[in-house]
>>> print(open('data01.cif').read())   # mmCIF, C-alpha atoms
data_work
loop_
_atom_site.label_atom_id
_atom_site.label_comp_id
_atom_site.auth_asym_id
_atom_site.auth_seq_id
_atom_site.Cartn_x
_atom_site.Cartn_y
_atom_site.Cartn_z
CA MET A 1 116.95 113.26 64.72
CA LYS A 2 114.39 111.93 62.23
CA LYS A 3 111.58 111.45 64.76
CA PHE A 4 112.19 114.85 66.31
CA PHE A 5 111.78 116.58 62.98
CA LEU A 6 108.59 114.63 62.32
CA ILE A 7 107.07 116.33 65.36
CA ILE A 8 108.49 119.70 64.37
CA THR A 9 107.12 119.33 60.85
CA ALA A 10 103.70 118.46 62.24
CA LEU A 11 103.72 121.75 64.17
CA VAL A 12 104.57 124.05 61.25
CA LEU A 13 101.06 125.41 60.90
CA SER A 14 100.71 126.24 64.59
CA PHE A 15 104.11 127.93 64.79
CA ASN A 16 103.95 129.60 61.39
CA ILE A 17 107.73 129.99 61.25
CA ALA A 18 110.26 128.79 58.78
CA SER A 19 113.20 126.92 60.27
CA ALA A 20 113.36 123.83 62.48
CA ASP A 21 115.68 125.64 64.91
CA GLU A 22 113.24 128.50 65.31
CA MET A 23 110.38 126.05 65.79
CA SER A 24 112.39 124.18 68.41
CA GLN A 25 113.09 127.41 70.29
CA ASP A 26 109.43 128.37 70.17
CA LEU A 27 108.47 124.91 71.43
CA VAL A 28 110.76 125.30 74.45
CA LYS A 29 109.44 128.80 75.12
CA ARG A 30 105.83 127.66 75.10
CA ILE A 31 106.55 124.72 77.43
CA ASP A 32 108.57 127.04 79.69
CA GLU A 33 105.47 129.17 80.08
CA VAL A 34 103.48 126.18 81.37
CA PHE A 35 105.94 125.29 84.12
CA GLY A 36 107.40 128.74 84.77
CA ALA A 37 103.99 130.04 85.79
CA VAL A 38 104.14 127.76 88.86
CA TYR A 39 107.84 127.25 89.53
CA ASN A 40 108.77 130.92 89.38
CA ASN A 41 110.68 131.19 92.66
CA PRO A 42 114.12 129.53 92.69
CA ASN A 43 114.06 129.36 96.50
CA GLU A 44 110.85 127.33 96.76
CA PRO A 45 110.15 123.60 96.32
CA GLY A 46 110.62 122.76 92.67
CA ALA A 47 110.45 120.20 89.92
CA ALA A 48 112.38 118.42 87.20
CA VAL A 49 110.88 118.10 83.72
CA LEU A 50 112.23 116.08 80.82
CA ILE A 51 110.66 115.31 77.45
CA ILE A 52 112.60 113.17 75.01
CA GLN A 53 111.88 111.45 71.74
CA GLY A 54 114.22 108.61 70.93
CA CYS A 55 117.70 110.04 71.51
CA ASP A 56 116.58 113.65 71.10
CA THR A 57 115.73 116.01 73.95
CA LEU A 58 112.66 118.13 73.24
CA TYR A 59 112.62 119.86 76.63
CA SER A 60 114.68 119.68 79.83
CA ARG A 61 114.47 122.03 82.78
CA CYS A 62 114.86 121.96 86.56
CA PHE A 63 113.19 124.43 88.89
CA GLY A 64 113.55 125.37 92.55
CA VAL A 65 115.05 123.41 95.42
CA ALA A 66 114.96 119.78 96.46
CA ASP A 67 115.65 120.45 100.14
CA MET A 68 114.48 123.65 101.83
CA GLU A 69 116.94 123.22 104.70
CA THR A 70 120.09 122.85 102.60
CA LYS A 71 118.74 124.81 99.61
CA SER A 72 120.15 122.14 97.31
CA PRO A 73 118.67 122.68 93.85
CA VAL A 74 116.59 120.17 91.93
CA THR A 75 118.65 118.40 89.27
CA PHE A 76 118.09 115.38 87.06
CA ALA A 77 120.09 113.39 89.64
CA THR A 78 117.70 114.37 92.47
CA ASN A 79 115.90 111.34 93.90
CA PHE A 80 112.18 112.02 94.33
CA CYS A 81 109.68 109.77 96.03
CA ILE A 82 107.77 108.65 92.95
CA ALA A 83 104.86 107.42 95.09
CA SER A 84 102.31 105.36 93.14
CA VAL A 85 104.50 105.31 90.04
CA SER A 86 106.28 102.64 92.11
CA LYS A 87 103.41 100.27 91.33
CA GLN A 88 104.65 99.53 87.82
CA PHE A 89 107.91 98.15 89.23
CA SER A 90 105.97 95.74 91.44
CA ALA A 91 103.76 94.74 88.52
CA VAL A 92 106.85 94.03 86.41
CA ALA A 93 108.16 91.78 89.20
CA LEU A 94 105.00 89.65 89.11
CA LEU A 95 105.10 89.52 85.32
CA GLN A 96 108.70 88.32 85.51
CA LEU A 97 107.74 85.57 87.95
CA ALA A 98 104.90 84.53 85.66
CA GLU A 99 107.38 84.33 82.77
CA ARG A 100 109.57 82.05 84.91
CA GLY A 101 106.66 79.82 85.87
CA LEU A 102 106.91 80.65 89.57
CA LEU A 103 103.33 81.89 89.62
CA SER A 104 100.38 82.58 87.34
CA LEU A 105 98.43 85.80 87.04
CA ASN A 106 95.36 83.59 87.49
CA ASP A 107 96.60 82.37 90.88
CA PRO A 108 94.19 83.25 93.70
CA LEU A 109 95.33 85.27 96.68
CA SER A 110 94.47 82.29 98.88
CA LYS A 111 97.48 80.47 97.38
CA PHE A 112 99.86 83.04 98.88
CA PHE A 113 97.82 84.08 101.93
CA PRO A 114 96.25 81.03 103.54
CA GLU A 115 95.82 83.17 106.65
CA PHE A 116 93.14 85.22 104.88
CA GLN A 117 89.90 83.65 106.13
CA ALA A 118 87.17 84.88 103.77
CA PRO A 119 86.21 82.49 100.95
CA PHE A 120 86.27 85.29 98.35
CA PHE A 121 90.09 85.29 98.45
CA LYS A 122 89.87 82.07 96.42
CA ASP A 123 88.31 84.10 93.59
CA ILE A 124 90.54 87.19 93.69
CA THR A 125 93.58 86.68 91.48
CA LEU A 126 96.86 88.47 90.86
CA HIS A 127 95.26 89.88 87.72
CA HIS A 128 92.62 91.56 89.85
CA ILE A 129 94.98 93.17 92.34
CA MET A 130 97.22 94.56 89.58
CA SER A 131 94.27 96.04 87.67
CA HIS A 132 92.44 97.50 90.69
CA THR A 133 89.41 95.28 90.10
CA SER A 134 89.57 93.09 93.22
CA GLY A 135 86.73 94.71 95.16
CA ILE A 136 88.86 94.60 98.33
CA PRO A 137 88.16 97.74 100.37
CA ASP A 138 90.84 99.91 101.91
CA ALA A 139 89.84 99.14 105.49
CA ARG A 140 93.16 99.90 107.13
CA PRO A 141 92.50 101.18 110.67
CA ARG A 142 93.09 104.91 111.08
CA ASN A 143 92.60 105.24 114.85
CA ASP A 144 96.27 104.55 115.71
CA ARG A 145 98.38 107.48 114.50
CA ASN A 146 101.64 105.55 114.83
CA PHE A 147 100.24 102.76 112.65
CA VAL A 148 99.09 105.25 110.03
CA LEU A 149 102.48 106.97 109.89
CA TYR A 150 104.86 104.05 110.28
CA SER A 151 103.21 100.82 109.10
CA ASN A 152 104.93 98.72 106.44
CA ASP A 153 103.77 96.44 103.62
CA VAL A 154 103.14 93.55 106.04
CA THR A 155 101.39 95.33 108.89
CA SER A 156 99.35 97.54 106.57
CA VAL A 157 97.43 94.60 105.06
CA LYS A 158 96.80 92.58 108.23
CA TYR A 159 93.19 93.73 108.21
CA MET A 160 92.60 91.40 105.27
CA ARG A 161 92.99 88.37 107.55
CA THR A 162 89.54 89.01 109.01
CA LEU A 163 87.99 91.01 106.16
CA ASP A 164 84.40 89.83 105.65
CA HIS A 165 83.12 91.88 102.69
CA LEU A 166 84.00 93.31 99.30
CA ASN A 167 83.01 96.66 97.86
CA PHE A 168 81.81 94.99 94.63
CA GLN A 169 81.94 91.67 92.85
CA THR A 170 85.52 90.91 91.88
CA GLY A 171 86.38 91.84 88.28
CA THR A 172 83.32 93.97 87.60
CA GLN A 173 84.51 97.47 88.57
CA TYR A 174 87.55 99.69 89.00
CA GLU A 175 88.51 101.05 92.40
CA TYR A 176 92.03 102.35 92.95
CA ILE A 177 93.39 101.30 96.35
CA ASN A 178 96.92 100.88 97.65
CA PRO A 179 96.76 97.84 99.99
CA THR A 180 96.23 95.34 97.16
CA PHE A 181 99.53 96.42 95.58
CA GLN A 182 101.18 96.16 99.00
CA LEU A 183 100.34 92.44 98.88
CA ILE A 184 102.92 92.09 96.10
CA TYR A 185 105.67 92.61 98.69
CA GLN A 186 104.83 89.29 100.35
CA ILE A 187 103.85 87.51 97.13
CA VAL A 188 107.35 88.09 95.70
CA GLU A 189 108.94 86.82 98.91
CA ARG A 190 106.70 83.76 99.18
CA ALA A 191 107.08 82.82 95.50
CA THR A 192 110.87 83.23 95.40
CA GLY A 193 112.14 82.80 98.96
CA THR A 194 114.01 86.07 98.44
CA PRO A 195 113.43 89.34 100.32
CA PHE A 196 111.39 91.76 98.22
CA GLU A 197 114.08 94.45 98.25
CA THR A 198 116.77 91.99 97.13
CA TYR A 199 114.62 90.60 94.35
CA MET A 200 113.78 94.08 93.06
CA GLN A 201 117.40 95.23 93.15
CA GLU A 202 118.79 92.19 91.33
CA ASN A 203 116.00 91.50 88.84
CA VAL A 204 114.50 94.91 88.17
CA PHE A 205 116.70 97.89 89.03
CA ASP A 206 120.05 96.33 88.10
CA LYS A 207 118.70 94.93 84.83
CA ALA A 208 117.37 98.35 83.92
CA GLY A 209 120.65 100.10 84.69
CA MET A 210 119.15 102.12 87.53
CA MET A 211 122.08 103.20 89.67
CA THR A 212 120.67 105.14 92.63
CA CYS A 213 116.96 104.33 93.03
CA ARG A 214 116.13 102.88 96.44
CA TYR A 215 113.09 102.10 98.56
CA TYR A 216 112.70 104.42 101.50
CA GLU A 217 113.70 103.16 104.92
CA PRO A 218 113.97 105.44 107.97
CA ASP A 219 117.63 104.54 108.56
CA ARG A 220 118.72 104.53 104.90
CA ASN A 221 120.74 107.28 103.30
CA ILE A 222 119.41 108.07 99.84
CA ALA A 223 121.80 110.09 97.69
CA CYS A 224 120.55 113.46 96.40
CA MET A 225 117.29 112.93 98.24
CA ALA A 226 114.46 115.43 97.81
CA HIS A 227 111.82 116.20 100.39
CA GLY A 228 108.16 116.89 99.78
CA TYR A 229 106.60 120.11 101.06
CA GLU A 230 103.24 121.68 101.73
CA ARG A 231 102.36 125.20 102.86
CA ASP A 232 101.10 125.62 106.40
CA ASP A 233 98.27 127.96 107.46
CA LYS A 234 100.67 130.89 107.37
CA GLY A 235 101.93 130.10 103.89
CA ALA A 236 105.31 128.77 105.00
CA TRP A 237 106.68 125.60 103.43
CA GLN A 238 106.78 122.62 105.77
CA GLU A 239 108.34 119.21 105.13
CA TYR A 240 105.65 116.67 104.37
CA ASP A 241 106.86 113.12 103.77
CA TYR A 242 107.81 110.26 106.12
CA GLY A 243 106.49 110.93 109.62
CA GLU A 244 103.98 113.47 108.36
CA GLU A 245 102.09 111.65 105.58
CA SER A 246 99.94 108.54 106.06
CA PHE A 247 101.35 105.17 104.92
CA PHE A 248 104.42 106.82 103.38
CA GLY A 249 106.78 103.90 104.04
CA THR A 250 105.01 101.04 102.24
CA LYS A 251 107.23 99.95 99.36
CA ALA A 252 105.40 97.85 96.79
CA ASP A 253 102.83 100.58 96.19
CA GLY A 254 104.75 103.77 96.70
CA ALA A 255 108.02 104.28 98.62
CA LEU A 256 110.53 104.16 95.77
CA TYR A 257 112.92 107.10 95.38
CA CYS A 258 114.13 107.64 91.84
CA SER A 259 115.80 110.33 89.75
CA ILE A 260 114.86 111.50 86.29
CA ASN A 261 118.18 110.09 85.06
CA ASP A 262 117.36 106.63 86.42
CA PHE A 263 113.78 106.77 85.22
CA VAL A 264 114.89 107.34 81.65
CA ASN A 265 116.92 104.13 81.95
CA TRP A 266 113.81 102.41 83.27
CA GLU A 267 111.67 103.59 80.36
CA ARG A 268 114.24 102.41 77.84
CA ALA A 269 114.49 99.05 79.61
CA LEU A 270 110.72 98.69 79.31
CA ARG A 271 110.81 99.75 75.67
CA ASP A 272 113.64 97.39 74.76
CA ASN A 273 112.27 94.44 76.79
CA LYS A 274 115.30 94.25 79.10
CA VAL A 275 113.19 93.54 82.19
CA TRP A 276 110.29 91.64 80.62
CA THR A 277 109.10 90.03 77.42
CA ALA A 278 107.09 91.70 74.68
CA ALA A 279 104.14 89.52 75.74
CA SER A 280 104.30 90.85 79.30
CA LYS A 281 104.48 94.40 77.99
CA ARG A 282 101.28 93.86 76.00
CA LEU A 283 99.55 92.60 79.14
CA ALA A 284 100.72 95.56 81.23
CA TYR A 285 99.69 98.15 78.64
CA ASN A 286 96.28 96.59 78.01
CA PRO A 287 93.41 98.60 79.55
CA TRP A 288 91.70 95.80 81.46
CA ILE A 289 89.05 98.06 82.97
CA GLN A 290 87.79 101.49 81.97
CA ILE A 291 87.93 104.19 84.63
CA PRO A 292 84.53 105.78 85.29
CA ALA A 293 84.08 109.54 85.53
CA ASP A 294 83.14 109.27 89.21
CA ALA A 295 86.34 107.41 90.16
CA GLU A 296 88.10 108.95 93.14
CA TYR A 297 91.50 108.62 91.48
CA GLY A 298 92.75 108.29 87.95
CA TYR A 299 89.93 109.42 85.70
CA GLN A 300 90.76 110.93 82.33
CA PRO A 301 88.64 110.52 79.20
CA HIS A 302 89.11 107.25 77.31
CA THR A 303 91.38 105.86 80.02
CA GLY A 304 91.65 102.38 81.49
CA TYR A 305 94.00 100.62 83.87
CA GLY A 306 96.49 97.95 82.86
CA TYR A 307 98.97 96.35 85.25
CA GLY A 308 100.55 99.28 87.08
CA PHE A 309 99.84 101.72 84.25
CA PHE A 310 97.04 104.03 83.16
CA VAL A 311 96.34 103.54 79.46
CA GLN A 312 94.61 106.30 77.49
CA ASP A 313 93.34 105.48 74.01
CA TYR A 314 92.08 108.83 72.82
CA PRO A 315 90.39 108.66 69.40
CA SER A 316 92.68 109.57 66.49
CA TYR A 317 95.79 109.72 68.71
CA PRO A 318 98.42 107.13 69.63
CA THR A 319 98.13 105.35 72.98
CA HIS A 320 99.24 107.34 76.02
CA VAL A 321 100.68 105.16 78.83
CA TYR A 322 101.40 106.81 82.18
CA HIS A 323 101.05 106.82 85.93
CA LEU A 324 100.56 109.44 88.61
CA GLY A 325 102.22 109.59 92.00
CA ASP A 326 101.00 111.49 95.06
CA ASN A 327 102.54 111.07 98.49
CA GLY A 328 103.19 113.80 101.01
CA GLY A 329 104.40 116.82 99.08
CA PHE A 330 105.50 114.78 96.07
CA THR A 331 103.46 115.08 92.87
CA ILE A 332 104.67 112.90 90.02
CA TYR A 333 103.78 112.24 86.40
CA ALA A 334 105.63 109.59 84.36
CA GLY A 335 104.23 109.05 80.90
CA LYS A 336 105.00 108.09 77.34
CA ILE A 337 103.62 107.66 73.86
CA PRO A 338 105.25 104.38 72.84
CA GLU A 339 104.28 104.63 69.18
CA ARG A 340 106.24 107.90 68.88
CA ASP A 341 109.01 106.90 71.32
CA ILE A 342 108.20 109.94 73.47
CA ILE A 343 108.93 109.95 77.22
CA PHE A 344 107.57 112.77 79.41
CA LEU A 345 108.66 112.96 83.07
CA PHE A 346 107.49 115.63 85.53
CA PHE A 347 108.64 115.16 89.15
CA SER A 348 107.60 117.82 91.70
CA THR A 349 108.28 118.40 95.41
CA ARG A 350 105.06 120.34 95.97
CA PRO A 351 101.40 119.37 95.53
CA ASP A 352 99.73 122.74 94.94
CA ILE A 353 99.60 122.26 91.18
CA ASP A 354 97.13 121.04 88.60
CA ARG A 355 99.47 118.39 87.26
CA LEU A 356 97.27 116.86 84.59
CA ALA A 357 96.20 120.25 83.29
CA MET A 358 99.88 121.18 82.91
CA VAL A 359 100.77 117.86 81.31
CA ASN A 360 97.88 118.06 78.86
CA LYS A 361 98.83 121.63 77.90
CA VAL A 362 102.29 120.37 77.01
CA TYR A 363 100.89 117.50 74.99
CA HIS A 364 98.72 120.03 73.17
CA ILE A 365 101.86 122.03 72.34
CA LEU A 366 103.37 118.81 71.00
CA GLY A 367 100.30 118.23 68.84
CA PHE A 368 98.36 115.73 70.98
CA ASN A 369 94.95 116.89 72.21
CA PHE A 370 94.44 114.49 75.12
#
>>> encode(input="data01.cif", output="structure tokens")
Amino acid sequence: MKKFFLIITALVLSFNIASADEMSQDLVKRIDEVFGAVYNNPNEPGAAVLIIQGCDTLYSRCFGVADMETKSPVTFATNFCIASVSKQFSAVALLQLAERGLLSLNDPLSKFFPEFQAPFFKDITLHHIMSHTSGIPDARPRNDRNFVLYSNDVTSVKYMRTLDHLNFQTGTQYEYINPTFQLIYQIVERATGTPFETYMQENVFDKAGMMTCRYYEPDRNIACMAHGYERDDKGAWQEYDYGEESFFGTKADGALYCSINDFVNWERALRDNKVWTAASKRLAYNPWIQIPADAEYGYQPHTGYGYGFFVQDYPSYPTHVYHLGDNGGFTIYAGKIPERDIIFLFFSTRPDIDRLAMVNKVYHILGFNF
């Protein structure tokens, strides 16, 4: 409980109340107000929110339903599509393979994709694709609706075979795109001779003690599976995930389903170096490139991109490591403050929210003015 009371003590002036129990109750009430303002209808798409510090729970609450057809409620066992938060799992896989000497982060893409014709693939490395600094454009064709809805990690990146230009010189800028992370699917297979899904299950999920997380496949049954939803023109909630959202099924960049319960195990595995070394963690949490204010995705003040993680180094505050996920109706935030051993998870089945504004309000309540 020591770390929990350090936070509570730091908030005495703002709460202006005497006991730790009263301060804890007020903390929960104030955070409830942030989420309750949006998730105020128990029969609508909802969310799961968990904030822990060490072994202590600061806030835990589930709202609304996970499936509008069955009306099953959101719980901490509900498996959400965590969308781009999936990228950190793929990054960890490459870091593991680098630790084992099966590849180097300085390896060029041409080593794994000799079919890519342009000479610039000899200069683009694994470091660049994991930090969104490759310069490769997202030139996936959008004129075939079936391709857009149902392509996989292999078919989605075929355009790179004949790609003849970059958006900028490799390594000089940040541009967040999904296809470069989709390349990791084939890199893992070509470096190990093992199917991507098998490698991830045996070397990542199992090692982290993640019991139910699975990559989406159209014919796979995912336990306690949530659906994403959006309102139609008449205000009615409509399912919006696989078959409705573009490129929903690609795995290495976004099709992992995971529960809050499993994700806590993941965060602790990262913290305790169960799935990687301390050296790999430092690489992943290093902001290799700063995100400009005009970036289409990911900008927050004082924020850069590591390997599968946003890294915010706000002056006078400890480092904030996180990622966002947006796919179909799913809106995800998975973040932490490693120095304080704080984990903050916010998984939603609806996108009509200002996620970062809500998250930053909560951090403000906790005493961090990000």
>>> residues_around(input="data01.cif", residues="range 311-317 of chain A", least_positions_apart="2", cutoff="7 Å", atoms="only C-alpha atoms", output="JSON, numbers by chain")
{"A": [285, 287, 302, 303, 304, 305, 306, 309, 319, 320, 321, 322, 368, 370]}
>>> residues_near_point(input="data01.cif", point="(90.3, 84.3, 104.2)", cutoff="12 Å", atoms="only C-alpha atoms", output="PyMOL selection string")
chain A and resi 108-124+136+158-165
>>> closest_residue(input="data01.cif", among="A:Tyr39, A:Phe247, A:Tyr199, A:Trp276", to="Arg142 in chain A", atoms="only C-alpha atoms")
A:Phe247
>>> resolve_selection(input="data01.cif", expression="the PyMOL selection byres ((chain A and resi 341) around 9)", output="list in words")
Lys3, Ile52, Gln53, Gly54, Arg271, Lys336, Ile337, Pro338, Glu339, Arg340, Ile342 and Ile343 of chain A
>>> residues_around(input="data01.cif", residues="Asn146 in chain A", least_positions_apart="2", cutoff="12 Å", atoms="all atoms listed in the file", output="list in words")
Pro141, Arg142, Asn143, Asp144, Val148, Leu149, Tyr150, Ser151, Asn152, Thr155, Ser156, Tyr242, Gly243, Glu244, Glu245, Ser246, Phe247 and Phe248 of chain A
>>> residues_around(input="data01.cif", residues="Tyr363 in chain A", least_positions_apart="3", cutoff="12 Å", atoms="all atoms listed in the file", output="JSON, numbers by chain")
{"A": [7, 11, 27, 30, 31, 34, 51, 58, 317, 318, 320, 335, 336, 337, 342, 343, 344, 356, 357, 358, 359, 360, 366, 367, 368, 369, 370]}
>>> resolve_selection(input="data01.cif", expression="the PyMOL selection byres ((chain A and resi 218-233) around 10)", output="PyMOL selection string")
chain A and resi 44-46+65-69+72-81+150+212-217+234-243+245+249+257-259+327-331+348-352
>>> write_last_selection(input="data01.cif", atoms="C-alpha atoms", output="mmCIF file, in the coordinates of the input")
data_model
loop_
_atom_site.group_PDB
_atom_site.id
_atom_site.type_symbol
_atom_site.label_atom_id
_atom_site.label_comp_id
_atom_site.auth_asym_id
_atom_site.auth_seq_id
_atom_site.Cartn_x
_atom_site.Cartn_y
_atom_site.Cartn_z
ATOM 1 C CA GLU A 44 110.850 127.330 96.760
ATOM 2 C CA PRO A 45 110.150 123.600 96.320
ATOM 3 C CA GLY A 46 110.620 122.760 92.670
ATOM 4 C CA VAL A 65 115.050 123.410 95.420
ATOM 5 C CA ALA A 66 114.960 119.780 96.460
ATOM 6 C CA ASP A 67 115.650 120.450 100.140
ATOM 7 C CA MET A 68 114.480 123.650 101.830
ATOM 8 C CA GLU A 69 116.940 123.220 104.700
ATOM 9 C CA SER A 72 120.150 122.140 97.310
ATOM 10 C CA PRO A 73 118.670 122.680 93.850
ATOM 11 C CA VAL A 74 116.590 120.170 91.930
ATOM 12 C CA THR A 75 118.650 118.400 89.270
ATOM 13 C CA PHE A 76 118.090 115.380 87.060
ATOM 14 C CA ALA A 77 120.090 113.390 89.640
ATOM 15 C CA THR A 78 117.700 114.370 92.470
ATOM 16 C CA ASN A 79 115.900 111.340 93.900
ATOM 17 C CA PHE A 80 112.180 112.020 94.330
ATOM 18 C CA CYS A 81 109.680 109.770 96.030
ATOM 19 C CA TYR A 150 104.860 104.050 110.280
ATOM 20 C CA THR A 212 120.670 105.140 92.630
ATOM 21 C CA CYS A 213 116.960 104.330 93.030
ATOM 22 C CA ARG A 214 116.130 102.880 96.440
ATOM 23 C CA TYR A 215 113.090 102.100 98.560
ATOM 24 C CA TYR A 216 112.700 104.420 101.500
ATOM 25 C CA GLU A 217 113.700 103.160 104.920
ATOM 26 C CA LYS A 234 100.670 130.890 107.370
ATOM 27 C CA GLY A 235 101.930 130.100 103.890
ATOM 28 C CA ALA A 236 105.310 128.770 105.000
ATOM 29 C CA TRP A 237 106.680 125.600 103.430
ATOM 30 C CA GLN A 238 106.780 122.620 105.770
ATOM 31 C CA GLU A 239 108.340 119.210 105.130
ATOM 32 C CA TYR A 240 105.650 116.670 104.370
ATOM 33 C CA ASP A 241 106.860 113.120 103.770
ATOM 34 C CA TYR A 242 107.810 110.260 106.120
ATOM 35 C CA GLY A 243 106.490 110.930 109.620
ATOM 36 C CA GLU A 245 102.090 111.650 105.580
ATOM 37 C CA GLY A 249 106.780 103.900 104.040
ATOM 38 C CA TYR A 257 112.920 107.100 95.380
ATOM 39 C CA CYS A 258 114.130 107.640 91.840
ATOM 40 C CA SER A 259 115.800 110.330 89.750
ATOM 41 C CA ASN A 327 102.540 111.070 98.490
ATOM 42 C CA GLY A 328 103.190 113.800 101.010
ATOM 43 C CA GLY A 329 104.400 116.820 99.080
ATOM 44 C CA PHE A 330 105.500 114.780 96.070
ATOM 45 C CA THR A 331 103.460 115.080 92.870
ATOM 46 C CA SER A 348 107.600 117.820 91.700
ATOM 47 C CA THR A 349 108.280 118.400 95.410
ATOM 48 C CA ARG A 350 105.060 120.340 95.970
ATOM 49 C CA PRO A 351 101.400 119.370 95.530
ATOM 50 C CA ASP A 352 99.730 122.740 94.940
#
>>> resolve_selection(input="data01.cif", expression="the PyMOL selection byres ((chain A and resi 137) around 10)", output="list in words")
Ser134, Gly135, Ile136, Asp138, Ala139, Arg140, Met160, Leu163, His165, Leu166, Asn167, Phe168, Glu175, Tyr176, Ile177, Asn178, Pro179 and Thr180 of chain A
>>> atom_distance(input="data01.cif", atom1="CA of Ala191 in chain A", atom2="CA of Ser84 in chain A")
23.2 Å
>>> atom_distance(input="data01.cif", atom1="CA of Phe89 in chain A", atom2="CA of Ile353 in chain A")
25.6 Å
>>> build_atoms(input="data01.cif", residues="range 274-279 of chain A", atoms="all heavy atoms", output="PDB file, keeping the file's coordinate frame")
ATOM      1  N   LYS A 274     114.166  94.711  78.297  1.00  0.00           N
ATOM      2  CA  LYS A 274     115.300  94.250  79.100  1.00  0.00           C
ATOM      3  C   LYS A 274     114.849  93.648  80.426  1.00  0.00           C
ATOM      4  O   LYS A 274     115.594  92.888  81.044  1.00  0.00           O
ATOM      5  CB  LYS A 274     116.263  95.404  79.359  1.00  0.00           C
ATOM      6  CG  LYS A 274     117.000  95.897  78.115  1.00  0.00           C
ATOM      7  CD  LYS A 274     117.959  97.020  78.473  1.00  0.00           C
ATOM      8  CE  LYS A 274     118.738  97.499  77.260  1.00  0.00           C
ATOM      9  NZ  LYS A 274     119.669  98.610  77.595  1.00  0.00           N
ATOM     10  N   VAL A 275     113.659  94.013  80.888  1.00  0.00           N
ATOM     11  CA  VAL A 275     113.190  93.540  82.190  1.00  0.00           C
ATOM     12  C   VAL A 275     111.958  92.650  82.067  1.00  0.00           C
ATOM     13  O   VAL A 275     111.458  92.135  83.071  1.00  0.00           O
ATOM     14  CB  VAL A 275     112.889  94.712  83.145  1.00  0.00           C
ATOM     15  CG1 VAL A 275     114.161  95.455  83.504  1.00  0.00           C
ATOM     16  CG2 VAL A 275     111.863  95.656  82.540  1.00  0.00           C
ATOM     17  N   TRP A 276     111.460  92.471  80.858  1.00  0.00           N
ATOM     18  CA  TRP A 276     110.290  91.640  80.620  1.00  0.00           C
ATOM     19  C   TRP A 276     110.246  91.254  79.160  1.00  0.00           C
ATOM     20  O   TRP A 276     111.075  91.695  78.364  1.00  0.00           O
ATOM     21  CB  TRP A 276     109.010  92.324  81.055  1.00  0.00           C
ATOM     22  CG  TRP A 276     108.716  93.667  80.400  1.00  0.00           C
ATOM     23  CD1 TRP A 276     109.422  94.297  79.400  1.00  0.00           C
ATOM     24  CD2 TRP A 276     107.618  94.535  80.708  1.00  0.00           C
ATOM     25  NE1 TRP A 276     108.844  95.496  79.070  1.00  0.00           N
ATOM     26  CE2 TRP A 276     107.730  95.663  79.856  1.00  0.00           C
ATOM     27  CE3 TRP A 276     106.558  94.476  81.607  1.00  0.00           C
ATOM     28  CZ2 TRP A 276     106.821  96.719  79.895  1.00  0.00           C
ATOM     29  CZ3 TRP A 276     105.662  95.523  81.635  1.00  0.00           C
ATOM     30  CH2 TRP A 276     105.787  96.630  80.803  1.00  0.00           C
ATOM     31  N   THR A 277     109.271  90.422  78.807  1.00  0.00           N
ATOM     32  CA  THR A 277     109.100  90.030  77.420  1.00  0.00           C
ATOM     33  C   THR A 277     108.088  90.955  76.744  1.00  0.00           C
ATOM     34  O   THR A 277     107.329  91.671  77.411  1.00  0.00           O
ATOM     35  CB  THR A 277     108.591  88.595  77.311  1.00  0.00           C
ATOM     36  OG1 THR A 277     107.279  88.516  77.905  1.00  0.00           O
ATOM     37  CG2 THR A 277     109.530  87.625  78.023  1.00  0.00           C
ATOM     38  N   ALA A 278     108.068  90.907  75.429  1.00  0.00           N
ATOM     39  CA  ALA A 278     107.090  91.700  74.680  1.00  0.00           C
ATOM     40  C   ALA A 278     105.672  91.277  75.055  1.00  0.00           C
ATOM     41  O   ALA A 278     104.755  92.118  75.104  1.00  0.00           O
ATOM     42  CB  ALA A 278     107.323  91.533  73.177  1.00  0.00           C
ATOM     43  N   ALA A 279     105.472  89.994  75.346  1.00  0.00           N
ATOM     44  CA  ALA A 279     104.140  89.520  75.740  1.00  0.00           C
ATOM     45  C   ALA A 279     103.706  90.134  77.065  1.00  0.00           C
ATOM     46  O   ALA A 279     102.549  90.540  77.231  1.00  0.00           O
ATOM     47  CB  ALA A 279     104.140  87.996  75.827  1.00  0.00           C
TER      48      ALA A 279
END
